[in-house]
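Dropping upload-v4.cif in here (mmCIF, C-alpha atoms):
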data_query
loop_
_atom_site.group_PDB
_atom_site.id
_atom_site.type_symbol
_atom_site.label_atom_id
_atom_site.label_comp_id
_atom_site.auth_asym_id
_atom_site.auth_seq_id
_atom_site.Cartn_x
_atom_site.Cartn_y
_atom_site.Cartn_z
ATOM 1 C CA MET N 8 76.866 110.354 116.832
ATOM 2 C CA SER N 9 78.274 111.983 113.702
ATOM 3 C CA VAL N 10 81.014 114.587 114.093
ATOM 4 C CA PRO N 11 79.333 118.054 114.192
ATOM 5 C CA PRO N 12 80.481 121.004 112.000
ATOM 6 C CA ALA N 13 81.730 122.836 115.097
ATOM 7 C CA TYR N 14 84.480 120.215 115.388
ATOM 8 C CA PHE N 15 85.885 121.310 112.037
ATOM 9 C CA ASP N 16 85.710 124.972 112.982
ATOM 10 C CA GLY N 17 88.183 124.068 115.720
ATOM 11 C CA VAL N 18 90.362 122.013 113.377
ATOM 12 C CA TYR N 19 90.713 124.783 110.781
ATOM 13 C CA ALA N 20 91.322 127.380 113.477
ATOM 14 C CA GLU N 21 94.705 125.635 113.924
ATOM 15 C CA GLY N 22 95.878 126.607 110.415
ATOM 16 C CA GLU N 23 94.960 126.844 106.748
ATOM 17 C CA ASP N 24 95.915 123.224 106.016
ATOM 18 C CA PRO N 25 95.751 121.429 109.396
ATOM 19 C CA PHE N 26 95.889 117.951 107.821
ATOM 20 C CA GLY N 27 98.973 118.792 105.752
ATOM 21 C CA LEU N 28 97.236 117.707 102.552
ATOM 22 C CA GLY N 29 99.310 119.993 100.359
ATOM 23 C CA SER N 30 102.701 119.044 101.777
ATOM 24 C CA SER N 31 102.549 115.324 102.652
ATOM 25 C CA TRP N 32 104.113 112.676 100.406
ATOM 26 C CA TYR N 33 101.678 110.179 101.906
ATOM 27 C CA GLU N 34 98.752 112.291 100.711
ATOM 28 C CA ASP N 35 100.329 112.974 97.314
ATOM 29 C CA ARG N 36 100.839 109.238 96.732
ATOM 30 C CA LYS N 37 97.312 108.432 97.900
ATOM 31 C CA TYR N 38 95.804 111.036 95.573
ATOM 32 C CA THR N 39 97.828 109.650 92.671
ATOM 33 C CA ILE N 40 96.481 106.154 93.371
ATOM 34 C CA THR N 41 92.967 107.569 93.698
ATOM 35 C CA MET N 42 93.117 109.257 90.313
ATOM 36 C CA ALA N 43 94.668 106.183 88.685
ATOM 37 C CA SER N 44 91.799 104.067 90.031
ATOM 38 C CA LEU N 45 89.103 105.981 88.125
ATOM 39 C CA PRO N 46 87.845 103.615 85.416
ATOM 40 C CA ARG N 47 86.855 106.378 82.991
ATOM 41 C CA GLN N 48 89.153 108.860 81.336
ATOM 42 C CA ARG N 49 86.656 111.674 81.811
ATOM 43 C CA TYR N 50 83.474 112.373 83.783
ATOM 44 C CA ARG N 51 80.573 114.658 82.974
ATOM 45 C CA ARG N 52 79.470 115.694 86.497
ATOM 46 C CA ALA N 53 81.196 114.710 89.736
ATOM 47 C CA LEU N 54 80.610 115.202 93.464
ATOM 48 C CA GLU N 55 83.435 115.484 96.000
ATOM 49 C CA PRO N 56 82.100 115.686 99.584
ATOM 50 C CA GLY N 57 84.662 116.859 102.136
ATOM 51 C CA CYS N 58 87.010 118.618 99.714
ATOM 52 C CA SER N 59 88.981 120.308 102.525
ATOM 53 C CA VAL N 60 91.587 122.701 101.064
ATOM 54 C CA GLY N 61 91.150 121.435 97.498
ATOM 55 C CA VAL N 62 94.269 119.357 96.853
ATOM 56 C CA LEU N 63 92.333 116.402 95.423
ATOM 57 C CA THR N 64 89.797 118.837 93.960
ATOM 58 C CA GLU N 65 92.497 120.276 91.709
ATOM 59 C CA ARG N 66 93.247 116.846 90.270
ATOM 60 C CA LEU N 67 89.588 115.893 89.867
ATOM 61 C CA ALA N 68 88.838 119.151 88.069
ATOM 62 C CA ALA N 69 91.208 118.118 85.281
ATOM 63 C CA ARG N 70 89.123 114.969 84.644
ATOM 64 C CA CYS N 71 85.594 116.369 85.048
ATOM 65 C CA ASP N 72 83.460 118.703 82.937
ATOM 66 C CA VAL N 73 81.646 119.843 86.093
ATOM 67 C CA LEU N 74 82.753 119.219 89.686
ATOM 68 C CA VAL N 75 80.721 119.985 92.819
ATOM 69 C CA SER N 76 83.082 120.086 95.827
ATOM 70 C CA THR N 77 81.797 120.544 99.362
ATOM 71 C CA ASP N 78 82.846 120.881 102.968
ATOM 72 C CA VAL N 79 80.923 121.367 106.199
ATOM 73 C CA VAL N 80 82.527 124.706 107.160
ATOM 74 C CA ASP N 81 83.629 127.771 105.186
ATOM 75 C CA PRO N 82 87.394 128.171 105.914
ATOM 76 C CA PRO N 83 88.584 125.162 103.856
ATOM 77 C CA ILE N 84 86.216 126.073 101.051
ATOM 78 C CA ARG N 85 87.764 129.541 100.815
ATOM 79 C CA THR N 86 91.220 127.957 100.575
ATOM 80 C CA ALA N 87 90.035 125.406 97.999
ATOM 81 C CA ARG N 88 88.400 128.106 95.881
ATOM 82 C CA ALA N 89 91.662 130.063 95.817
ATOM 83 C CA ARG N 90 93.590 126.913 94.852
ATOM 84 C CA VAL N 91 91.208 125.801 92.106
ATOM 85 C CA ALA N 92 90.254 128.846 90.068
ATOM 86 C CA SER N 93 87.982 127.133 87.554
ATOM 87 C CA PRO N 94 84.497 128.095 86.336
ATOM 88 C CA HIS N 95 83.726 124.367 86.085
ATOM 89 C CA VAL N 96 84.114 123.783 89.863
ATOM 90 C CA GLN N 97 81.272 124.695 92.205
ATOM 91 C CA PHE N 98 81.983 124.936 95.938
ATOM 92 C CA VAL N 99 79.136 124.384 98.412
ATOM 93 C CA THR N 100 79.001 124.344 102.208
ATOM 94 C CA TRP N 101 77.337 120.966 102.685
ATOM 95 C CA SER N 102 77.560 117.662 104.556
ATOM 96 C CA LEU N 103 76.725 114.130 103.452
ATOM 97 C CA ALA N 104 74.124 114.133 106.215
ATOM 98 C CA ASP N 105 72.370 117.203 104.717
ATOM 99 C CA SER N 106 69.616 117.408 102.110
ATOM 100 C CA TRP N 107 70.901 116.812 98.587
ATOM 101 C CA GLU N 108 68.940 119.762 97.194
ATOM 102 C CA SER N 109 72.040 121.935 97.633
ATOM 103 C CA VAL N 110 74.205 119.772 95.364
ATOM 104 C CA GLY N 111 71.687 118.373 92.897
ATOM 105 C CA THR N 112 71.592 115.011 91.189
ATOM 106 C CA GLY N 113 72.722 113.273 88.008
ATOM 107 C CA PHE N 114 76.330 112.514 88.981
ATOM 108 C CA ASP N 115 78.437 110.015 87.053
ATOM 109 C CA LEU N 116 81.209 110.166 89.701
ATOM 110 C CA ILE N 117 81.094 110.456 93.499
ATOM 111 C CA VAL N 118 84.390 110.501 95.404
ATOM 112 C CA LEU N 119 84.204 109.697 99.135
ATOM 113 C CA SER N 120 87.755 110.516 100.170
ATOM 114 C CA GLU N 121 88.358 110.536 103.940
ATOM 115 C CA VAL N 122 84.792 111.542 104.842
ATOM 116 C CA GLY N 123 82.837 108.411 105.756
ATOM 117 C CA TYR N 124 84.265 107.911 109.239
ATOM 118 C CA TYR N 125 82.995 111.325 110.375
ATOM 119 C CA LEU N 126 79.445 109.913 110.258
ATOM 120 C CA ASP N 127 77.938 107.414 112.639
ATOM 121 C CA GLU N 128 76.704 104.174 111.086
ATOM 122 C CA THR N 129 73.094 105.318 110.741
ATOM 123 C CA ASP N 130 74.014 108.571 108.987
ATOM 124 C CA LEU N 131 76.614 106.825 106.836
ATOM 125 C CA ARG N 132 74.243 104.158 105.561
ATOM 126 C CA ARG N 133 71.612 106.787 104.829
ATOM 127 C CA ALA N 134 74.205 108.860 102.955
ATOM 128 C CA LEU N 135 75.336 105.842 100.927
ATOM 129 C CA ASP N 136 71.757 105.104 99.891
ATOM 130 C CA GLU N 137 71.490 108.742 98.772
ATOM 131 C CA CYS N 138 74.727 108.374 96.809
ATOM 132 C CA VAL N 139 73.189 105.469 94.903
ATOM 133 C CA ARG N 140 69.998 107.458 94.266
ATOM 134 C CA HIS N 141 71.961 110.406 92.889
ATOM 135 C CA LEU N 142 74.490 108.361 90.887
ATOM 136 C CA GLU N 143 73.598 107.644 87.270
ATOM 137 C CA PRO N 144 73.407 103.997 86.150
ATOM 138 C CA GLY N 145 76.933 102.915 85.330
ATOM 139 C CA GLY N 146 78.374 105.817 87.324
ATOM 140 C CA THR N 147 81.459 105.445 89.508
ATOM 141 C CA LEU N 148 81.728 105.677 93.300
ATOM 142 C CA VAL N 149 85.236 105.748 94.769
ATOM 143 C CA ALA N 150 85.787 105.357 98.513
ATOM 144 C CA VAL N 151 89.211 105.836 100.125
ATOM 145 C CA HIS N 152 89.843 106.023 103.873
ATOM 146 C CA TRP N 153 92.529 105.968 106.579
ATOM 147 C CA ARG N 154 92.516 102.575 108.313
ATOM 148 C CA HIS N 155 93.999 103.434 111.706
ATOM 149 C CA PRO N 156 91.528 104.268 114.508
ATOM 150 C CA VAL N 157 91.038 107.897 115.524
ATOM 151 C CA ALA N 158 89.452 108.576 118.901
ATOM 152 C CA ASP N 159 87.313 111.469 117.627
ATOM 153 C CA TYR N 160 85.785 109.539 114.715
ATOM 154 C CA PRO N 161 82.652 107.357 115.114
ATOM 155 C CA LEU N 162 83.913 104.742 112.626
ATOM 156 C CA THR N 163 87.162 103.334 111.270
ATOM 157 C CA GLY N 164 87.962 103.307 107.585
ATOM 158 C CA ASP N 165 87.419 99.548 107.444
ATOM 159 C CA GLN N 166 83.960 99.949 108.988
ATOM 160 C CA VAL N 167 83.129 102.583 106.384
ATOM 161 C CA HIS N 168 84.108 100.226 103.595
ATOM 162 C CA ASP N 169 82.098 97.390 105.109
ATOM 163 C CA ALA N 170 79.066 99.690 104.909
ATOM 164 C CA VAL N 171 79.845 100.679 101.318
ATOM 165 C CA ALA N 172 80.154 97.011 100.332
ATOM 166 C CA ASP N 173 76.735 96.326 101.902
ATOM 167 C CA THR N 174 75.018 99.105 99.949
ATOM 168 C CA VAL N 175 72.427 97.844 97.485
ATOM 169 C CA GLY N 176 72.989 99.234 94.015
ATOM 170 C CA LEU N 177 76.802 99.211 94.016
ATOM 171 C CA SER N 178 78.969 96.629 92.266
ATOM 172 C CA ARG N 179 82.660 96.477 93.206
ATOM 173 C CA LEU N 180 85.119 96.876 90.327
ATOM 174 C CA GLY N 181 88.402 96.726 92.241
ATOM 175 C CA GLY N 182 90.593 98.474 94.731
ATOM 176 C CA TYR N 183 93.820 98.841 96.676
ATOM 177 C CA VAL N 184 94.657 98.250 100.337
ATOM 178 C CA ASP N 185 97.728 98.625 102.519
ATOM 179 C CA GLU N 186 98.305 99.068 106.240
ATOM 180 C CA ASP N 187 97.365 102.751 106.133
ATOM 181 C CA PHE N 188 94.442 103.182 103.745
ATOM 182 C CA VAL N 189 91.858 101.264 101.767
ATOM 183 C CA LEU N 190 90.534 102.316 98.363
ATOM 184 C CA GLU N 191 87.645 100.671 96.529
ATOM 185 C CA VAL N 192 85.904 101.451 93.254
ATOM 186 C CA PHE N 193 82.222 100.678 92.698
ATOM 187 C CA THR N 194 79.799 101.087 89.818
ATOM 188 C CA ALA N 195 76.091 101.862 90.145
ATOM 189 C CA TRP N 196 74.359 98.625 89.185
ATOM 190 C CA GLN N 197 71.123 97.092 90.386
ATOM 191 C CA PRO N 198 70.988 93.301 91.019
ATOM 192 C CA SER N 199 67.755 93.175 88.986
ATOM 193 C CA GLU N 200 69.642 94.157 85.828
ATOM 194 C CA THR N 201 70.771 91.489 83.378
ATOM 195 C CA LEU N 202 74.297 90.123 83.361
ATOM 196 C CA GLU N 203 74.824 91.847 80.015
ATOM 197 C CA THR N 204 74.399 95.263 81.648
ATOM 198 C CA ARG N 205 76.596 94.493 84.661
ATOM 199 C CA PRO N 206 79.820 96.559 84.682
ATOM 200 C CA SER N 207 82.768 94.798 83.077
ATOM 201 C CA SER N 208 86.484 95.324 83.433
ATOM 202 C CA ILE N 209 88.119 98.352 81.814
ATOM 203 C CA ALA N 210 90.044 96.172 79.390
ATOM 204 C CA ARG N 211 86.849 94.346 78.398
ATOM 205 C CA ALA N 212 85.040 97.659 77.905
ATOM 206 C CA GLU N 213 87.931 98.828 75.700
ATOM 207 C CA GLY N 214 87.670 95.650 73.625
ATOM 208 C CA LEU N 215 91.115 94.418 74.657
ATOM 209 C CA VAL N 216 89.833 90.995 75.795
#

Could I get this file's structure written as structure tokens?
Amino acid sequence: MSVPPAYFDGVYAEGEDPFGLGSSWYEDRKYTITMASLPRQRYRRALEPGCSVGVLTERLAARCDVLVSTDVVDPPIRTARARVASPHVQFVTWSLADSWESVGTGFDLIVLSEVGYYLDETDLRRALDECVRHLEPGGTLVAVHWRHPVADYPLTGDQVHDAVADTVGLSRLGGYVDEDFVLEVFTAWQPSETLETRPSSIARAEGLV
């Protein structure tokens, strides 16, 4: 079954930043790679489920006109709100397994950073289908996850990315993988669309090739 919110109440009771997101070189490097992987220079409206204490949120906010950042419990959201004091960032207590009414629709960027493995396979696949439904045509979905197994998590990062790759409506643009984490970038694209509308490379879109 998916990890319940009560689990995270226990995690954040251990400290303000229990995952060390604001102090780890590993995390800093990963966030830099994540931001560099975004195929557009700027996004109109983005969704960041599982924002935790807002370290990645702060970077995303600089590239987005509007950013909706969420977590399943309140303590990390309070920390993230203090870190990212921007009127363009909306914080919501919400889970990928919840109704999307709380976060809305019409996103051109969804960032699934270290959240997919908290869901069981059924909830994850349902959430991914909802991501496609709420992502505008041509919009970007980025998934990045820890690859080592964790006893408390229903899925591994690799299993999450297998599910993302199987999701109808997403076309893979590229990615990065090492022993520790896997990152992949997808674009919302339906197989019924013509080849002319299928996402092309960034260089091709810029007219460089």

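Take atom CA of Gly146 of chain N and atom CA of Gln97 of chain N: the distance between them is 19.7 Å.
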
Fewer than 6 positions away in the same chain doesn't count, so skip those; otherwise give me all residues within 8 Å of Gly145 of chain N, counting only C-alpha atoms, as a ChimeraX atom specification.
-> /N:115,194-196,206

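By all atoms listed in the file, and with residues fewer than 3 positions from Asp185 of chain N along its chain excluded, the set lying at most 9 Å from it is Arg154, Phe188 and Val189 of chain N.
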
Practice item. Name the residues in contact with Ala104 of chain N at a cut-off of 12 Å, using all atoms listed in the file, excluding same-chain residues fewer than 5 positions from it; report them as an NGL selection string. Key: :N and (8-12 or 56-57 or 78-79 or 109 or 122-123 or 125-138)

As a check of understanding: the span from atom CA of Ser102 of chain N to atom CA of Glu65 of chain N is 19.9 Å

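This file, queried with the PyMOL selection byres ((chain N and resi 89) around 12), gives the residues Glu23, Val60, Gly61, Val62, Thr64, Glu65, Pro82, Pro83, Ile84, Arg85, Thr86, Ala87, Arg88, Arg90, Val91, Ala92, Ser93, Val96 and Phe98 of chain N.
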
Using the file's own x, y and z axes, so that the box edges lie along x, y and z, what centre and edge lengths in Å (one decimal) does a box around every listed atom of segment 53-57 of chain N get when 6 Å is added on each side? Give it as AutoDock Vina command-line options.
--center_x 82.6 --center_y 115.8 --center_z 95.9 --size_x 16.1 --size_y 14.1 --size_z 24.4

With the file shown as input, list the residues that the PyMOL selection byres ((chain N and resi 164) around 7) selects, as a PyMOL selection string. chain N and resi 124+152-154+162-163+165-168

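Distance annotation: of N:Thr100, N:Ser76, N:Thr41, N:Ser178, the residue with the minimal separation from Cys58 of chain N is N:Ser76; atom set is only C-alpha atoms.
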
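Counting from atom CA of Val75 of chain N, the distance to atom CA of Tyr160 of chain N is 24.8 Å.
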
Write out as JSON lines the residues of segment 99-205 of chain N that have any atom within 8 Å of an atom of segment 42-47 of chain N, one row each with the nearest atom pair and its distance in Å to one decimal, counting all atoms listed in the file, sorted by chain and then rising number.
{"residue": "N:Thr147", "atom": "CA", "partner": "N:Leu45", "partner_atom": "CA", "distance": 7.8}
{"residue": "N:Val149", "atom": "CA", "partner": "N:Leu45", "partner_atom": "CA", "distance": 7.7}
{"residue": "N:Gly182", "atom": "CA", "partner": "N:Ser44", "partner_atom": "CA", "distance": 7.4}
{"residue": "N:Val192", "atom": "CA", "partner": "N:Ser44", "partner_atom": "CA", "distance": 7.2}

Write out all heavy atoms for segment 133-144 of chain N, as a JSON list (two decimals), in the coordinates of the input.
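Output below, filename result.json:
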[["chain", "number", "residue", "atom", "x", "y", "z"],
["N", 133, "ARG", "N", 72.60, 105.93, 105.49],
["N", 133, "ARG", "CA", 71.61, 106.79, 104.83],
["N", 133, "ARG", "C", 72.29, 107.58, 103.71],
["N", 133, "ARG", "O", 71.74, 107.71, 102.60],
["N", 133, "ARG", "CB", 70.98, 107.74, 105.85],
["N", 133, "ARG", "CG", 69.86, 108.59, 105.26],
["N", 133, "ARG", "CD", 69.30, 109.57, 106.29],
["N", 133, "ARG", "NE", 68.76, 108.86, 107.44],
["N", 133, "ARG", "CZ", 69.23, 108.98, 108.68],
["N", 133, "ARG", "NH1", 70.28, 109.76, 108.93],
["N", 133, "ARG", "NH2", 68.67, 108.33, 109.68],
["N", 134, "ALA", "N", 73.47, 108.09, 103.97],
["N", 134, "ALA", "CA", 74.20, 108.86, 102.96],
["N", 134, "ALA", "C", 74.58, 107.98, 101.76],
["N", 134, "ALA", "O", 74.52, 108.43, 100.61],
["N", 134, "ALA", "CB", 75.46, 109.48, 103.57],
["N", 135, "LEU", "N", 74.97, 106.74, 102.02],
["N", 135, "LEU", "CA", 75.34, 105.84, 100.93],
["N", 135, "LEU", "C", 74.12, 105.51, 100.06],
["N", 135, "LEU", "O", 74.24, 105.43, 98.83],
["N", 135, "LEU", "CB", 75.96, 104.57, 101.49],
["N", 135, "LEU", "CG", 77.34, 104.73, 102.12],
["N", 135, "LEU", "CD1", 77.76, 103.46, 102.85],
["N", 135, "LEU", "CD2", 78.38, 105.09, 101.06],
["N", 136, "ASP", "N", 72.97, 105.33, 100.68],
["N", 136, "ASP", "CA", 71.76, 105.10, 99.89],
["N", 136, "ASP", "C", 71.46, 106.32, 99.02],
["N", 136, "ASP", "O", 71.03, 106.19, 97.86],
["N", 136, "ASP", "CB", 70.57, 104.82, 100.81],
["N", 136, "ASP", "CG", 70.64, 103.44, 101.46],
["N", 136, "ASP", "OD1", 71.35, 102.57, 100.92],
["N", 136, "ASP", "OD2", 69.99, 103.24, 102.52],
["N", 137, "GLU", "N", 71.69, 107.53, 99.56],
["N", 137, "GLU", "CA", 71.49, 108.74, 98.77],
["N", 137, "GLU", "C", 72.50, 108.83, 97.63],
["N", 137, "GLU", "O", 72.17, 109.29, 96.53],
["N", 137, "GLU", "CB", 71.59, 109.98, 99.67],
["N", 137, "GLU", "CG", 70.42, 110.16, 100.62],
["N", 137, "GLU", "CD", 69.12, 110.41, 99.87],
["N", 137, "GLU", "OE1", 69.10, 111.22, 98.92],
["N", 137, "GLU", "OE2", 68.11, 109.78, 100.24],
["N", 138, "CYS", "N", 73.73, 108.40, 97.89],
["N", 138, "CYS", "CA", 74.73, 108.37, 96.81],
["N", 138, "CYS", "C", 74.24, 107.52, 95.65],
["N", 138, "CYS", "O", 74.35, 107.92, 94.48],
["N", 138, "CYS", "CB", 76.06, 107.83, 97.34],
["N", 138, "CYS", "SG", 77.00, 108.97, 98.37],
["N", 139, "VAL", "N", 73.69, 106.35, 95.95],
["N", 139, "VAL", "CA", 73.19, 105.47, 94.90],
["N", 139, "VAL", "C", 72.03, 106.13, 94.17],
["N", 139, "VAL", "O", 71.94, 106.07, 92.93],
["N", 139, "VAL", "CB", 72.76, 104.11, 95.50],
["N", 139, "VAL", "CG1", 72.06, 103.26, 94.45],
["N", 139, "VAL", "CG2", 73.96, 103.37, 96.07],
["N", 140, "ARG", "N", 71.15, 106.80, 94.89],
["N", 140, "ARG", "CA", 70.00, 107.46, 94.27],
["N", 140, "ARG", "C", 70.42, 108.58, 93.33],
["N", 140, "ARG", "O", 69.76, 108.87, 92.34],
["N", 140, "ARG", "CB", 69.06, 108.02, 95.33],
["N", 140, "ARG", "CG", 68.21, 107.02, 96.03],
["N", 140, "ARG", "CD", 66.92, 107.60, 96.58],
["N", 140, "ARG", "NE", 67.06, 108.90, 97.19],
["N", 140, "ARG", "CZ", 66.48, 110.00, 96.72],
["N", 140, "ARG", "NH1", 65.77, 109.98, 95.61],
["N", 140, "ARG", "NH2", 66.62, 111.16, 97.36],
["N", 141, "HIS", "N", 71.52, 109.24, 93.66],
["N", 141, "HIS", "CA", 71.96, 110.41, 92.89],
["N", 141, "HIS", "C", 73.07, 110.07, 91.89],
["N", 141, "HIS", "O", 73.54, 110.97, 91.18],
["N", 141, "HIS", "CB", 72.43, 111.52, 93.83],
["N", 141, "HIS", "CG", 71.31, 112.14, 94.60],
["N", 141, "HIS", "ND1", 70.77, 111.55, 95.72],
["N", 141, "HIS", "CD2", 70.62, 113.29, 94.40],
["N", 141, "HIS", "CE1", 69.79, 112.32, 96.19],
["N", 141, "HIS", "NE2", 69.67, 113.37, 95.41],
["N", 142, "LEU", "N", 73.46, 108.80, 91.83],
["N", 142, "LEU", "CA", 74.49, 108.36, 90.89],
["N", 142, "LEU", "C", 73.81, 107.73, 89.67],
["N", 142, "LEU", "O", 72.94, 106.87, 89.80],
["N", 142, "LEU", "CB", 75.40, 107.33, 91.57],
["N", 142, "LEU", "CG", 76.71, 106.94, 90.90],
["N", 142, "LEU", "CD1", 77.63, 108.16, 90.73],
["N", 142, "LEU", "CD2", 77.41, 105.87, 91.73],
["N", 143, "GLU", "N", 74.19, 108.17, 88.49],
["N", 143, "GLU", "CA", 73.60, 107.64, 87.27],
["N", 143, "GLU", "C", 73.94, 106.16, 87.09],
["N", 143, "GLU", "O", 74.99, 105.71, 87.54],
["N", 143, "GLU", "CB", 74.10, 108.43, 86.06],
["N", 143, "GLU", "CG", 73.69, 109.89, 86.05],
["N", 143, "GLU", "CD", 74.27, 110.64, 84.87],
["N", 143, "GLU", "OE1", 75.18, 110.09, 84.21],
["N", 143, "GLU", "OE2", 73.81, 111.77, 84.61],
["N", 144, "PRO", "N", 73.08, 105.40, 86.43],
["N", 144, "PRO", "CA", 73.41, 104.00, 86.15],
["N", 144, "PRO", "C", 74.74, 103.90, 85.42],
["N", 144, "PRO", "O", 74.99, 104.62, 84.46],
["N", 144, "PRO", "CB", 72.24, 103.54, 85.26],
["N", 144, "PRO", "CG", 71.11, 104.44, 85.64],
["N", 144, "PRO", "CD", 71.74, 105.77, 85.96]]
